[in-house]
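Next comes work_17.cif, with mmCIF, N, CA and C atoms.
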data_model
#
loop_
_atom_site.label_atom_id
_atom_site.label_comp_id
_atom_site.auth_asym_id
_atom_site.auth_seq_id
_atom_site.Cartn_x
_atom_site.Cartn_y
_atom_site.Cartn_z
N MET A 1 122.29 173.56 175.74
CA MET A 1 122.32 172.55 176.79
C MET A 1 121.31 172.94 177.86
N TYR A 2 120.83 171.94 178.54
CA TYR A 2 119.83 172.12 179.59
C TYR A 2 120.39 171.51 180.87
N GLN A 3 120.06 172.13 182.01
CA GLN A 3 120.67 171.70 183.26
C GLN A 3 119.68 171.81 184.42
N ALA A 4 119.76 170.85 185.34
CA ALA A 4 118.97 170.87 186.58
C ALA A 4 119.82 170.25 187.68
N THR A 5 119.64 170.76 188.90
CA THR A 5 120.36 170.23 190.05
C THR A 5 119.34 169.89 191.13
N THR A 6 119.43 168.66 191.64
CA THR A 6 118.58 168.19 192.74
C THR A 6 119.49 167.54 193.77
N ARG A 7 119.41 168.00 195.00
CA ARG A 7 120.19 167.41 196.10
C ARG A 7 121.67 167.24 195.73
N ALA A 8 122.22 168.28 195.13
CA ALA A 8 123.64 168.35 194.76
C ALA A 8 124.03 167.38 193.64
N ILE A 9 123.05 166.84 192.93
CA ILE A 9 123.33 166.02 191.76
C ILE A 9 122.91 166.85 190.55
N GLN A 10 123.89 167.18 189.70
CA GLN A 10 123.63 168.03 188.54
C GLN A 10 123.50 167.17 187.29
N VAL A 11 122.41 167.39 186.55
CA VAL A 11 122.16 166.68 185.30
C VAL A 11 122.17 167.71 184.17
N THR A 12 123.03 167.47 183.18
CA THR A 12 123.12 168.33 182.01
C THR A 12 122.80 167.49 180.78
N VAL A 13 121.95 168.02 179.89
CA VAL A 13 121.55 167.30 178.70
C VAL A 13 121.77 168.19 177.46
N ARG A 14 122.32 167.57 176.42
CA ARG A 14 122.49 168.25 175.13
C ARG A 14 121.85 167.39 174.04
N PRO A 15 120.71 167.84 173.47
CA PRO A 15 120.09 167.09 172.39
C PRO A 15 120.73 167.44 171.04
N GLN A 16 120.65 166.51 170.09
CA GLN A 16 121.18 166.75 168.75
C GLN A 16 120.33 165.99 167.74
N TYR A 17 119.81 166.72 166.77
CA TYR A 17 119.01 166.11 165.71
C TYR A 17 119.91 165.25 164.83
N LEU A 18 119.41 164.09 164.40
CA LEU A 18 120.17 163.16 163.57
C LEU A 18 119.50 163.03 162.19
N PRO A 19 119.84 163.92 161.26
CA PRO A 19 119.18 163.88 159.95
C PRO A 19 119.43 162.59 159.18
N ASP A 20 120.61 161.99 159.36
CA ASP A 20 120.93 160.77 158.62
C ASP A 20 120.13 159.56 159.09
N GLN A 21 119.53 159.63 160.29
CA GLN A 21 118.71 158.54 160.81
C GLN A 21 117.21 158.86 160.73
N SER A 22 116.90 160.07 160.28
CA SER A 22 115.51 160.52 160.18
C SER A 22 115.02 160.38 158.75
N ASP A 23 113.69 160.32 158.59
CA ASP A 23 113.08 160.26 157.27
C ASP A 23 111.78 161.06 157.32
N ALA A 24 111.87 162.34 156.91
CA ALA A 24 110.72 163.23 156.98
C ALA A 24 109.56 162.72 156.13
N SER A 25 109.85 162.02 155.03
CA SER A 25 108.77 161.52 154.17
C SER A 25 107.94 160.44 154.88
N LYS A 26 108.53 159.80 155.88
CA LYS A 26 107.83 158.79 156.67
C LYS A 26 107.45 159.31 158.06
N TRP A 27 107.62 160.62 158.28
CA TRP A 27 107.33 161.23 159.57
C TRP A 27 108.07 160.52 160.70
N GLN A 28 109.36 160.35 160.48
CA GLN A 28 110.22 159.71 161.48
C GLN A 28 111.42 160.64 161.71
N PHE A 29 111.50 161.21 162.92
CA PHE A 29 112.52 162.18 163.27
C PHE A 29 113.28 161.67 164.49
N VAL A 30 114.61 161.65 164.41
CA VAL A 30 115.44 161.02 165.45
C VAL A 30 116.42 162.04 166.04
N TRP A 31 116.53 162.00 167.36
CA TRP A 31 117.48 162.83 168.08
C TRP A 31 118.35 161.97 169.00
N ALA A 32 119.61 162.33 169.09
CA ALA A 32 120.48 161.79 170.14
C ALA A 32 120.41 162.77 171.30
N TYR A 33 120.67 162.27 172.49
CA TYR A 33 120.81 163.18 173.63
C TYR A 33 121.98 162.69 174.47
N PHE A 34 122.79 163.65 174.88
CA PHE A 34 124.02 163.39 175.63
C PHE A 34 123.80 163.87 177.06
N VAL A 35 124.00 162.97 178.02
CA VAL A 35 123.69 163.26 179.43
C VAL A 35 124.96 163.20 180.26
N ARG A 36 125.09 164.18 181.13
CA ARG A 36 126.20 164.22 182.09
C ARG A 36 125.58 164.33 183.48
N ILE A 37 125.92 163.40 184.37
CA ILE A 37 125.42 163.39 185.74
C ILE A 37 126.63 163.59 186.65
N GLU A 38 126.60 164.65 187.45
CA GLU A 38 127.73 164.98 188.32
C GLU A 38 127.29 165.03 189.78
N ASN A 39 128.00 164.29 190.63
CA ASN A 39 127.72 164.30 192.06
C ASN A 39 128.51 165.44 192.69
N LYS A 40 127.84 166.54 192.99
CA LYS A 40 128.47 167.69 193.62
C LYS A 40 128.26 167.68 195.14
N GLY A 41 127.74 166.57 195.64
CA GLY A 41 127.45 166.45 197.07
C GLY A 41 128.59 165.83 197.85
N ASP A 42 128.28 165.49 199.11
CA ASP A 42 129.27 164.94 200.04
C ASP A 42 129.14 163.44 200.26
N VAL A 43 128.11 162.81 199.66
CA VAL A 43 127.90 161.38 199.85
C VAL A 43 127.78 160.68 198.51
N ALA A 44 128.15 159.42 198.46
CA ALA A 44 128.01 158.62 197.25
C ALA A 44 126.54 158.36 196.97
N VAL A 45 126.19 158.31 195.67
CA VAL A 45 124.83 158.01 195.24
C VAL A 45 124.89 157.04 194.07
N GLN A 46 123.83 156.24 193.94
CA GLN A 46 123.75 155.31 192.83
C GLN A 46 122.46 155.55 192.07
N LEU A 47 122.54 155.55 190.74
CA LEU A 47 121.37 155.68 189.89
C LEU A 47 120.74 154.29 189.77
N LEU A 48 119.48 154.19 190.16
CA LEU A 48 118.78 152.90 190.13
C LEU A 48 117.93 152.72 188.88
N SER A 49 117.18 153.78 188.50
CA SER A 49 116.26 153.64 187.37
C SER A 49 115.96 155.01 186.77
N ARG A 50 115.23 154.98 185.66
CA ARG A 50 114.88 156.21 184.96
C ARG A 50 113.39 156.24 184.68
N HIS A 51 112.86 157.44 184.51
CA HIS A 51 111.47 157.64 184.12
C HIS A 51 111.44 158.85 183.20
N TRP A 52 111.26 158.59 181.90
CA TRP A 52 111.21 159.64 180.89
C TRP A 52 109.77 159.91 180.48
N LYS A 53 109.47 161.17 180.17
CA LYS A 53 108.21 161.55 179.52
C LYS A 53 108.60 162.26 178.22
N ILE A 54 108.18 161.66 177.10
CA ILE A 54 108.54 162.16 175.78
C ILE A 54 107.25 162.62 175.10
N THR A 55 107.20 163.90 174.72
CA THR A 55 105.98 164.48 174.16
C THR A 55 106.26 165.00 172.76
N ASP A 56 105.40 164.62 171.80
CA ASP A 56 105.58 165.10 170.43
C ASP A 56 104.80 166.40 170.22
N ALA A 57 104.88 166.97 169.01
CA ALA A 57 104.27 168.26 168.70
C ALA A 57 102.74 168.22 168.74
N MET A 58 102.15 167.03 168.72
CA MET A 58 100.70 166.90 168.81
C MET A 58 100.23 166.75 170.25
N GLY A 59 101.17 166.78 171.20
CA GLY A 59 100.83 166.66 172.61
C GLY A 59 100.72 165.23 173.11
N ARG A 60 101.05 164.26 172.27
CA ARG A 60 101.01 162.86 172.67
C ARG A 60 102.25 162.54 173.50
N THR A 61 102.04 161.93 174.67
CA THR A 61 103.15 161.65 175.58
C THR A 61 103.36 160.14 175.71
N GLN A 62 104.61 159.77 175.65
CA GLN A 62 105.02 158.38 175.86
C GLN A 62 105.90 158.36 177.10
N GLU A 63 105.67 157.39 177.98
CA GLU A 63 106.49 157.26 179.18
C GLU A 63 107.40 156.04 179.04
N VAL A 64 108.64 156.21 179.45
CA VAL A 64 109.62 155.13 179.41
C VAL A 64 110.20 154.98 180.81
N LYS A 65 110.04 153.78 181.38
CA LYS A 65 110.58 153.50 182.71
C LYS A 65 111.44 152.25 182.62
N GLY A 66 112.48 152.20 183.45
CA GLY A 66 113.29 150.99 183.45
C GLY A 66 114.48 151.12 184.36
N PRO A 67 115.16 150.02 184.60
CA PRO A 67 116.33 150.03 185.47
C PRO A 67 117.52 150.71 184.79
N GLY A 68 118.25 151.50 185.55
CA GLY A 68 119.49 152.09 185.08
C GLY A 68 119.36 152.92 183.83
N VAL A 69 120.51 153.19 183.22
CA VAL A 69 120.60 153.90 181.94
C VAL A 69 121.62 153.16 181.08
N VAL A 70 121.31 152.96 179.83
CA VAL A 70 122.16 152.21 178.89
C VAL A 70 122.75 150.95 179.53
N GLY A 71 121.91 150.24 180.29
CA GLY A 71 122.32 148.98 180.90
C GLY A 71 123.21 149.10 182.12
N LYS A 72 123.33 150.30 182.67
CA LYS A 72 124.21 150.51 183.83
C LYS A 72 123.46 151.18 184.97
N THR A 73 123.92 150.93 186.18
CA THR A 73 123.43 151.61 187.38
C THR A 73 124.64 152.22 188.08
N PRO A 74 125.12 153.34 187.55
CA PRO A 74 126.40 153.89 188.02
C PRO A 74 126.36 154.36 189.48
N LEU A 75 127.47 154.12 190.17
CA LEU A 75 127.70 154.62 191.52
C LEU A 75 128.63 155.81 191.40
N LEU A 76 128.19 156.96 191.90
CA LEU A 76 128.99 158.18 191.81
C LEU A 76 129.44 158.62 193.20
N GLN A 77 130.72 158.57 193.40
CA GLN A 77 131.31 159.11 194.63
C GLN A 77 131.27 160.64 194.54
N PRO A 78 131.40 161.35 195.65
CA PRO A 78 131.45 162.82 195.59
C PRO A 78 132.49 163.28 194.57
N GLY A 79 132.07 164.20 193.71
CA GLY A 79 132.96 164.74 192.69
C GLY A 79 133.02 163.94 191.40
N GLU A 80 132.43 162.75 191.37
CA GLU A 80 132.49 161.92 190.17
C GLU A 80 131.40 162.29 189.16
N VAL A 81 131.69 161.94 187.90
CA VAL A 81 130.79 162.23 186.78
C VAL A 81 130.53 160.94 186.02
N PHE A 82 129.28 160.77 185.55
CA PHE A 82 128.93 159.67 184.66
C PHE A 82 128.29 160.30 183.42
N GLU A 83 128.75 159.90 182.24
CA GLU A 83 128.20 160.41 180.99
C GLU A 83 127.74 159.26 180.11
N TYR A 84 126.65 159.49 179.39
CA TYR A 84 126.17 158.50 178.43
C TYR A 84 125.37 159.23 177.36
N ASN A 85 125.07 158.51 176.29
CA ASN A 85 124.18 159.06 175.28
C ASN A 85 123.21 157.99 174.83
N SER A 86 122.08 158.46 174.35
CA SER A 86 121.04 157.58 173.87
C SER A 86 120.30 158.33 172.77
N ALA A 87 119.19 157.80 172.32
CA ALA A 87 118.43 158.44 171.25
C ALA A 87 116.95 158.19 171.43
N THR A 88 116.16 159.03 170.76
CA THR A 88 114.71 158.88 170.76
C THR A 88 114.19 159.31 169.39
N SER A 89 113.02 158.84 169.04
CA SER A 89 112.40 159.26 167.77
C SER A 89 110.99 159.76 168.03
N LEU A 90 110.55 160.63 167.15
CA LEU A 90 109.20 161.19 167.22
C LEU A 90 108.56 161.12 165.84
N PRO A 91 107.22 161.08 165.78
CA PRO A 91 106.53 161.14 164.49
C PRO A 91 106.25 162.59 164.05
N THR A 92 106.82 163.55 164.74
CA THR A 92 106.65 164.97 164.43
C THR A 92 108.03 165.64 164.45
N PRO A 93 108.18 166.80 163.77
CA PRO A 93 109.50 167.44 163.70
C PRO A 93 109.90 168.21 164.95
N SER A 94 109.11 168.12 165.99
CA SER A 94 109.49 168.76 167.25
C SER A 94 108.80 168.06 168.41
N GLY A 95 109.28 168.36 169.60
CA GLY A 95 108.72 167.81 170.82
C GLY A 95 109.63 168.16 171.97
N PHE A 96 109.45 167.49 173.08
CA PHE A 96 110.33 167.71 174.22
C PHE A 96 110.30 166.47 175.10
N MET A 97 111.30 166.36 175.94
CA MET A 97 111.34 165.24 176.88
C MET A 97 112.04 165.67 178.16
N GLY A 98 111.75 164.97 179.22
CA GLY A 98 112.34 165.21 180.53
C GLY A 98 111.91 164.09 181.44
N GLY A 99 112.28 164.17 182.70
CA GLY A 99 111.87 163.10 183.61
C GLY A 99 112.66 163.11 184.89
N THR A 100 112.86 161.91 185.44
CA THR A 100 113.58 161.78 186.70
C THR A 100 114.44 160.52 186.68
N TYR A 101 115.51 160.58 187.48
CA TYR A 101 116.30 159.39 187.80
C TYR A 101 116.00 159.06 189.25
N GLN A 102 115.83 157.79 189.54
CA GLN A 102 115.64 157.35 190.92
C GLN A 102 117.03 156.97 191.45
N MET A 103 117.38 157.58 192.57
CA MET A 103 118.71 157.44 193.14
C MET A 103 118.60 156.84 194.55
N VAL A 104 119.72 156.32 195.05
CA VAL A 104 119.82 155.91 196.44
C VAL A 104 121.17 156.40 196.95
N SER A 105 121.16 156.96 198.15
CA SER A 105 122.42 157.42 198.76
C SER A 105 123.08 156.26 199.49
N GLU A 106 124.34 156.45 199.86
CA GLU A 106 125.06 155.39 200.56
C GLU A 106 124.42 155.04 201.90
N SER A 107 123.60 155.95 202.45
CA SER A 107 122.91 155.67 203.71
C SER A 107 121.57 154.97 203.49
N GLY A 108 121.21 154.71 202.21
CA GLY A 108 119.97 154.00 201.91
C GLY A 108 118.78 154.90 201.65
N ASP A 109 118.99 156.21 201.56
CA ASP A 109 117.93 157.17 201.31
C ASP A 109 117.59 157.17 199.82
N ASN A 110 116.35 156.79 199.46
CA ASN A 110 115.90 156.81 198.07
C ASN A 110 115.29 158.17 197.74
N PHE A 111 115.62 158.70 196.57
CA PHE A 111 115.09 159.99 196.16
C PHE A 111 115.15 160.11 194.64
N ASP A 112 114.36 161.03 194.08
CA ASP A 112 114.35 161.30 192.65
C ASP A 112 115.13 162.58 192.38
N ILE A 113 115.81 162.60 191.23
CA ILE A 113 116.44 163.84 190.79
C ILE A 113 115.85 164.20 189.43
N GLU A 114 115.79 165.48 189.16
CA GLU A 114 115.19 165.98 187.93
C GLU A 114 116.14 165.81 186.75
N ILE A 115 115.58 165.34 185.64
CA ILE A 115 116.23 165.43 184.34
C ILE A 115 115.58 166.66 183.70
N PRO A 116 116.36 167.68 183.35
CA PRO A 116 115.72 168.89 182.83
C PRO A 116 114.95 168.60 181.55
N THR A 117 113.79 169.23 181.41
CA THR A 117 113.02 169.10 180.18
C THR A 117 113.76 169.82 179.07
N PHE A 118 113.95 169.13 177.95
CA PHE A 118 114.69 169.73 176.85
C PHE A 118 113.90 169.61 175.55
N SER A 119 114.16 170.55 174.67
CA SER A 119 113.45 170.66 173.41
C SER A 119 114.08 169.77 172.35
N LEU A 120 113.22 169.15 171.56
CA LEU A 120 113.64 168.36 170.40
C LEU A 120 113.08 169.08 169.17
N ASP A 121 113.93 169.76 168.44
CA ASP A 121 113.49 170.52 167.27
C ASP A 121 114.47 170.31 166.14
N LEU A 122 113.95 170.32 164.91
CA LEU A 122 114.83 170.32 163.75
C LEU A 122 115.63 171.62 163.79
N PRO A 123 116.85 171.62 163.33
CA PRO A 123 117.65 172.85 163.38
C PRO A 123 116.97 174.03 162.70
N SER A 124 116.18 173.80 161.65
CA SER A 124 115.52 174.89 160.93
C SER A 124 114.07 175.09 161.35
N PHE A 125 113.61 174.33 162.34
CA PHE A 125 112.20 174.36 162.75
C PHE A 125 112.02 175.32 163.92
N THR A 126 111.04 176.22 163.81
CA THR A 126 110.68 177.11 164.90
C THR A 126 109.20 176.95 165.16
N ARG A 127 108.86 176.67 166.40
CA ARG A 127 107.45 176.55 166.76
C ARG A 127 106.80 177.93 166.69
N PRO A 128 105.52 177.99 166.34
CA PRO A 128 104.82 179.28 166.36
C PRO A 128 104.93 179.91 167.74
N GLY A 129 105.33 181.17 167.78
CA GLY A 129 105.44 181.89 169.05
C GLY A 129 106.71 181.58 169.82
N GLN A 130 107.60 180.74 169.27
CA GLN A 130 108.83 180.36 169.99
C GLN A 130 109.85 181.49 169.86
N SER A 131 110.46 181.84 170.96
CA SER A 131 111.52 182.83 170.95
C SER A 131 112.85 182.11 171.01
N THR A 132 113.93 182.86 171.05
CA THR A 132 115.25 182.25 171.12
C THR A 132 115.57 181.77 172.53
N GLN A 133 114.77 182.13 173.50
CA GLN A 133 114.97 181.69 174.88
C GLN A 133 114.14 180.43 175.12
N SER A 134 114.64 179.54 175.95
CA SER A 134 113.90 178.32 176.28
C SER A 134 112.67 178.66 177.10
N THR A 135 111.53 178.07 176.72
CA THR A 135 110.31 178.29 177.51
C THR A 135 109.95 177.04 178.28
N GLN A 136 110.80 176.01 178.19
CA GLN A 136 110.52 174.77 178.88
C GLN A 136 111.14 174.81 180.28
N PRO A 137 110.63 173.98 181.19
CA PRO A 137 111.25 173.89 182.51
C PRO A 137 112.71 173.47 182.38
N GLY A 138 113.48 173.74 183.39
CA GLY A 138 114.91 173.47 183.32
C GLY A 138 115.59 174.74 182.85
N ARG A 139 116.85 174.84 183.03
CA ARG A 139 117.58 176.04 182.67
C ARG A 139 118.42 175.75 181.44
N ARG A 140 118.26 176.55 180.41
CA ARG A 140 119.02 176.36 179.19
C ARG A 140 120.31 177.16 179.29
N LEU A 141 121.40 176.51 178.95
CA LEU A 141 122.70 177.17 178.95
C LEU A 141 123.07 177.50 177.52
N HIS A 142 123.78 178.59 177.32
CA HIS A 142 124.16 178.99 175.94
C HIS A 142 125.58 178.59 175.66
#
Could you express the structure from this file as structure tokens?
Amino acid sequence: MYQATTRAIQVTVRPQYLPDQSDASKWQFVWAYFVRIENKGDVAVQLLSRHWKITDAMGRTQEVKGPGVVGKTPLLQPGEVFEYNSATSLPTPSGFMGGTYQMVSESGDNFDIEIPTFSLDLPSFTRPGQSTQSTQPGRRLH
């Protein structure tokens, strides 16, 4: 799992390779990712939009921007949690993704929070020079 905290909003992401939805013969690899957003602050915040950067093993980056997540713009009171899952596909057996959520506080303050960059790898795939520790930004939890 990968985790980042910005302005007392903690985002945790757990990616999972989906072999049943992937087809290596067609260079199509699919991952689900499970996101948990927790308001550890003292004020309510609302998620307005998302901005993802998805990079494949060839270094090609795709950006995805849009309102909310999975069709929702959740309002999180202090101590509340919002969880969702989604999926992404790559034309390579590895890559990574990360980004930001655009938030607004109950006082009208707009700000971005970090979505930790997380690795998308086949369970049996190891990048050349990759160790067992995460080398991507964000903190990996064991």
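Note that atom N of Gln10 in chain A and CA of Thr55 in chain A are 23.9 Å apart.
The closest residue to Leu75 in chain A, picked from A:Leu47, A:Asp42, A:Pro91, A:Ala8 and counting all atoms listed in the file, is A:Leu47.
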Subject >> Residue with smallest distance to Trp27 in chain A - pool A:Pro123, A:Asp56, A:Glu106, A:Ala87, counting only C-alpha atoms >> reply: A:Asp56
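Atom to atom, atom N of Tyr84 in chain A and atom C of Arg7 in chain A stand 18.8 Å apart.
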Original post:
Near Leu90 in chain A, within 6 Å and counting only N, CA and C atoms, which residues show up once chain neighbours fewer than 5 positions away are dropped, as a ChimeraX atom specification?
Top reply: /A:27-30
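When DSSP reads the backbone of this structure, the residues of chain A it assigns to helix (DSSP H, G or I) are Pro19, Asp20, Gln21, Ala24, Ser25 and Lys26 of chain A.
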Original post:
Which residues in chain A does DSSP call strand (DSSP E)? List them as number ranges by chain.
Top reply: A: 2-6, 9-17, 29-39, 45-56, 61-67, 75-76, 81-90, 94-105, 110-121, 139-140
**OP:** Determine the residue membership of the PyMOL selection byres ((chain A and resi 115) around 6.5) for the file above and supply it as a ChimeraX atom specification.
**Re:** /A:4,11,98-101,113-114,116-118
Picked residues, the PyMOL selection byres ((chain A and resi 15-21) around 6.5), expected as an mmCIF file with N, CA and C atoms, in the coordinates of the input:
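So the final result, stored in part-v1.cif, reads:
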data_model
loop_
_atom_site.group_PDB
_atom_site.id
_atom_site.type_symbol
_atom_site.label_atom_id
_atom_site.label_comp_id
_atom_site.auth_asym_id
_atom_site.auth_seq_id
_atom_site.Cartn_x
_atom_site.Cartn_y
_atom_site.Cartn_z
ATOM 1 N N MET A 1 122.290 173.560 175.740
ATOM 2 C CA MET A 1 122.320 172.550 176.790
ATOM 3 C C MET A 1 121.310 172.940 177.860
ATOM 4 N N VAL A 13 121.950 168.020 179.890
ATOM 5 C CA VAL A 13 121.550 167.300 178.700
ATOM 6 C C VAL A 13 121.770 168.190 177.460
ATOM 7 N N ARG A 14 122.320 167.570 176.420
ATOM 8 C CA ARG A 14 122.490 168.250 175.130
ATOM 9 C C ARG A 14 121.850 167.390 174.040
ATOM 10 N N SER A 22 116.900 160.070 160.280
ATOM 11 C CA SER A 22 115.510 160.520 160.180
ATOM 12 C C SER A 22 115.020 160.380 158.750
ATOM 13 N N ASP A 23 113.690 160.320 158.590
ATOM 14 C CA ASP A 23 113.080 160.260 157.270
ATOM 15 C C ASP A 23 111.780 161.060 157.320
ATOM 16 N N GLN A 28 109.360 160.350 160.480
ATOM 17 C CA GLN A 28 110.220 159.710 161.480
ATOM 18 C C GLN A 28 111.420 160.640 161.710
ATOM 19 N N PHE A 29 111.500 161.210 162.920
ATOM 20 C CA PHE A 29 112.520 162.180 163.270
ATOM 21 C C PHE A 29 113.280 161.670 164.490
ATOM 22 N N VAL A 30 114.610 161.650 164.410
ATOM 23 C CA VAL A 30 115.440 161.020 165.450
ATOM 24 C C VAL A 30 116.420 162.040 166.040
ATOM 25 N N TRP A 31 116.530 162.000 167.360
ATOM 26 C CA TRP A 31 117.480 162.830 168.080
ATOM 27 C C TRP A 31 118.350 161.970 169.000
ATOM 28 N N ALA A 32 119.610 162.330 169.090
ATOM 29 C CA ALA A 32 120.480 161.790 170.140
ATOM 30 C C ALA A 32 120.410 162.770 171.300
ATOM 31 N N TYR A 33 120.670 162.270 172.490
ATOM 32 C CA TYR A 33 120.810 163.180 173.630
ATOM 33 C C TYR A 33 121.980 162.690 174.470
ATOM 34 N N PHE A 34 122.790 163.650 174.880
ATOM 35 C CA PHE A 34 124.020 163.390 175.630
ATOM 36 C C PHE A 34 123.800 163.870 177.060
ATOM 37 N N ASP A 121 113.930 169.760 168.440
ATOM 38 C CA ASP A 121 113.490 170.520 167.270
ATOM 39 C C ASP A 121 114.470 170.310 166.140
ATOM 40 N N LEU A 122 113.950 170.320 164.910
ATOM 41 C CA LEU A 122 114.830 170.320 163.750
ATOM 42 C C LEU A 122 115.630 171.620 163.790
ATOM 43 N N PRO A 123 116.850 171.620 163.330
ATOM 44 C CA PRO A 123 117.650 172.850 163.380
ATOM 45 C C PRO A 123 116.970 174.030 162.700
#
Subject >> Computed interatomic separation between CA of Lys26 in chain A and atom N of Gly71 in chain A (Å) >> reply: 28.8 Å
Original post:
Contacts of Trp52 in chain A at 7 Å or less, counting all atoms listed in the file, minus same-chain residues fewer than 2 places along, as a PyMOL selection string?
Top reply: chain A and resi 50+54+62-66+97-100
Original post:
Quick one: which residues end up in the PyMOL selection byres (((chain A and resi 107 and name CA) around 12) and name CA) for this structure, as a list in words?
Top reply: Asp42, Val43, Ala44, Val45, Gln46, Met103, Val104, Ser105, Glu106, Gly108, Asp109, Asn110 and Phe111 of chain A
Which centre and which edge lengths, in Å to one decimal, describe the axis-aligned box that holds all listed atoms of range 26-41 of chain A after 4 Å is added on each side, as AutoDock Vina command-line options?
--center_x 118.0 --center_y 163.2 --center_z 176.9 --size_x 29.3 --size_y 16.9 --size_z 50.0
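Among the candidate residues A:Ser25, A:Tyr2, A:Asn39, A:His51, the one lying nearest to Asp112 in chain A is A:His51, with distances computed using only C-alpha atoms.
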Subject >> Sel. within 8 Å of pt (131.2, 160.1, 190.6), counting all atoms listed in the file, output as a ChimeraX atom specification >> reply: /A:37-40,44-45,74-82
